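Student: This is the structure I have questions about; it appears just below.
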Amino acid sequence: MSKIKFTIITLFPEALRPYLNCSMLYKAQDRGVIAIDYLNLRDFGLGPHKSVDDTPYGGGDGMLLRCEPVFAAIESVKNASPDAEVILPTPVGITWNQSLARQFAGIDTPAQTAAEVASLSVSAGKAQNRLEDHSELLGRTKSQESINTKVLAENAQKQPENCLERHFIILCPHYEGYDERILSIVDHKISLGHYVLTGGELAALIIIDSVTRLLPNVLGGEHSAAVESFSAGNNLEYPQYTKPFDFRGQKVPEILLSGNHAAIAKWRAEHSGHSRG
C-alpha cells in the first residue's frame, strides 16, 4: 500500500492533474509510494446551481466558502478514513518549511525536528569545524539515513499491512476566503508566506511535492534528500558545477577537479550557507 495518500478537495481538479501526473510525482504514484484522489467541492454544493459560496455577514467584497459543502466533502472522506488529517492553506497558518515537510513525510517527529534544527543550524563560519573531512561528511549522512530508515520502519510497524501510514485531506480555498467555522474541522493550518494566491491549488502542489520527494524510492540519488538546502534547519547547499569546465570565462573551481575528497569536503563546508545571486 502507499505510504501517504493525499485527497485534494478543489473546485479545479483540472488545474492539479498536469503537474501531479508527470515527472517525480507520477513515478511516486506509479511505484505505489503515494496515492492521490481528487474530490470536486462542487459535487457537494447547495441547490440546483451547486453553490459553494455566499456573501459575508457584515458586508464586504468577495465571496466566502460556506460551511455546508466543505464539511460534507471532508466528512465523506473521513467516513472511510477517520484518521485522515485535514490541511488548510491559509494566511493564519504556520509557515511551511523543510522541517514541517519532514514531519509530514514521517521522517521526523516535532521533537526530533526541533533538536535537529538546534544542533545542525550553524553559521557558515562554524560549518568547517563540523565537517573536517569527506569521511565525516559521508559518515554523518549515513548515520542520519540510518536514523531516518529506523523511524520509517517504526512508523510502518504501527500500522496494519493493509493500511496507509498517513492520509492527508487538503482543502483548497477560493474566492475571498472561507467561513471561519471551517477551521474547527482543520488539523493543520499552513501558510506559504506573506502573500496571497487566487486559490489553494498551488499551495496543495507545493505541500505534496515537498513531502513526496522525501519518501523512499522517489528521488534517484541515494542521498539526494539528505544533503541539500534546508535539510538541517536553514542551511544552504554548497555550489555545484558540471561540464563544461570553462563556460564563457567562468571556470569550475580547481579544487573540485583535484580528486582530494577531504579538501573538497572542506571547500563545500566553507561555501555552504552562502547566499548566491
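Going by the C-alpha cells order, chains are called A, B, ..., each with residues numbered from 1, while ligands are numbered from 1 in the order shown.
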Just the residues within 10 Å of A:Asp83, please, counting only C-alpha atoms, with nothing from its chain fewer than 3 positions along; format it as a short mmCIF file (atom, residue, chain, number, x, y, z; two decimals) with C-alpha atoms, in the first residue's frame.
Tutor:
```
data_model
loop_
_atom_site.label_atom_id
_atom_site.label_comp_id
_atom_site.auth_asym_id
_atom_site.auth_seq_id
_atom_site.Cartn_x
_atom_site.Cartn_y
_atom_site.Cartn_z
CA VAL A 77 -13.62 11.18 3.18
CA LYS A 78 -13.45 10.69 6.92
CA ASN A 79 -16.33 8.20 6.84
CA ALA A 80 -13.94 5.77 5.13
CA VAL A 86 -7.15 17.97 7.22
CA ARG A 166 -0.92 8.63 6.76
CA HIS A 167 -3.81 10.23 4.91
CA PHE A 168 -3.98 13.97 4.31
#
```
Student: What lies within 12 Å of A:Lys50 using only C-alpha atoms, ignoring chain neighbours under 5 positions off, as an MDAnalysis selection string?
Tutor: chainID A and resid 11 40:45 66 68:69
Student: Name the closest residue to A:Leu219 among the candidates A:Ala15, A:Ala269, A:Ile207, A:Ala28; distances are taken between atoms, counting only C-alpha atoms.
Tutor: A:Ala28
Student: From the set A:Pro244, A:Asp209, A:His261, A:Pro110, which residue has the shortest atom-to-atom contact distance to A:Ser23, counting only C-alpha atoms?
Tutor: A:Asp209
Student: Measuring between only C-alpha atoms, which one of A:Ile170, A:Pro13, A:Glu237, A:Leu25 shows the shortest distance to A:Asp187?
Tutor: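 Comparing A:Ile170, A:Pro13, A:Glu237, A:Leu25 against A:Asp187, the winner is A:Ile170.
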Student: Closest to A:Lys3 among A:Ser272, A:Gln29, A:Ser191, A:Asn21, using only C-alpha atoms?
Tutor: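 Answer, going by the shortest atom-to-atom distance: A:Gln29.
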Student: Which residues, written as a list in words, have at least one atom at most 12 Å from A:Trp96, with only C-alpha atoms counted and residues fewer than 4 positions away on the same chain left out?
Tutor: Ile87, Leu88, Pro89, Thr90, Pro91, Val92, Leu100, Ala101, Arg102, Gln103, Phe104, His188, Lys189, Ile190, Ser191, Leu192, Gly193, His194, Ala203, Ala204, Ile206, Ile207, Ile208, Ser210, Val211 and Phe230 of chain A
Student: What lies within 10 Å of A:His174 using only C-alpha atoms, ignoring chain neighbours under 5 positions off, as a PDB file with C-alpha atoms, in the first residue's frame?
Tutor:
```pdb
ATOM      1  CA  THR A  10     -10.867  21.530  -5.004  1.00  0.00           C
ATOM      2  CA  LEU A  11     -13.108  23.337  -7.452  1.00  0.00           C
ATOM      3  CA  ASP A  53     -20.078  30.230  -1.550  1.00  0.00           C
ATOM      4  CA  MET A  63     -17.472  35.629  -1.523  1.00  0.00           C
ATOM      5  CA  LEU A  64     -16.718  33.092   1.209  1.00  0.00           C
ATOM      6  CA  LEU A  65     -16.773  29.303   1.075  1.00  0.00           C
ATOM      7  CA  LEU A 197      -2.843  33.382  -4.009  1.00  0.00           C
ATOM      8  CA  THR A 198      -6.024  33.119  -6.033  1.00  0.00           C
ATOM      9  CA  GLY A 199      -6.689  29.647  -4.675  1.00  0.00           C
ATOM     10  CA  GLY A 200      -5.241  26.814  -2.645  1.00  0.00           C
ATOM     11  CA  GLU A 201      -4.253  24.620  -5.591  1.00  0.00           C
TER      12      GLU A 201
END
```
Student: Excluding A:Ile4 and its own-chain neighbours fewer than 2 positions away, which residues fall within 8 Å of it when counting only C-alpha atoms? Please give them as a short mmCIF file (atom, residue, chain, number, x, y, z; two decimals) with C-alpha atoms, in the first residue's frame.
Tutor:
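Contents of around39.cif, freshly written:
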```cif
data_model
loop_
_atom_site.label_atom_id
_atom_site.label_comp_id
_atom_site.auth_asym_id
_atom_site.auth_seq_id
_atom_site.Cartn_x
_atom_site.Cartn_y
_atom_site.Cartn_z
CA SER A 2 1.01 3.64 -0.47
CA PHE A 6 -3.48 12.82 -0.45
CA VAL A 33 4.69 5.39 -2.74
CA ILE A 34 1.80 7.88 -2.70
CA ALA A 35 -1.82 7.90 -3.84
CA ALA A 105 6.68 12.62 5.47
CA LEU A 164 -1.86 3.74 4.80
CA GLU A 165 0.70 5.22 7.13
CA ARG A 166 -0.92 8.63 6.76
CA HIS A 167 -3.81 10.23 4.91
CA PHE A 168 -3.98 13.97 4.31
#
```
Student: Which is closer to A:Leu236 than all the others in A:Glu270, A:Arg248, A:Ala263, A:Arg213, using only C-alpha atoms?
Tutor: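 Nearest to A:Leu236: A:Glu270.
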Student: Using only C-alpha atoms, pick whichever of A:Ile264, A:Ile74, A:Leu257, A:Lys251 has the shortest atom-to-atom distance to A:Tyr238.
Tutor: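 Once distances to A:Tyr238 are computed over only C-alpha atoms, the minimum belongs to A:Ile264.
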Student: Please report the interatomic distance between atom CA of A:Thr7 and atom CA of A:Phe71 in Å with one decimal.
Tutor: 14.3 Å
Student: What is the distance, in Å and to one decimal place, between atom CA of A:Ile107 and atom CA of A:Val218?
Tutor: 14.2 Å
Student: Please compute the atom CA of A:Ile169-atom CA of A:Pro82 distance, one decimal, in Å.
Tutor: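 These two atoms are separated by 11.1 Å.
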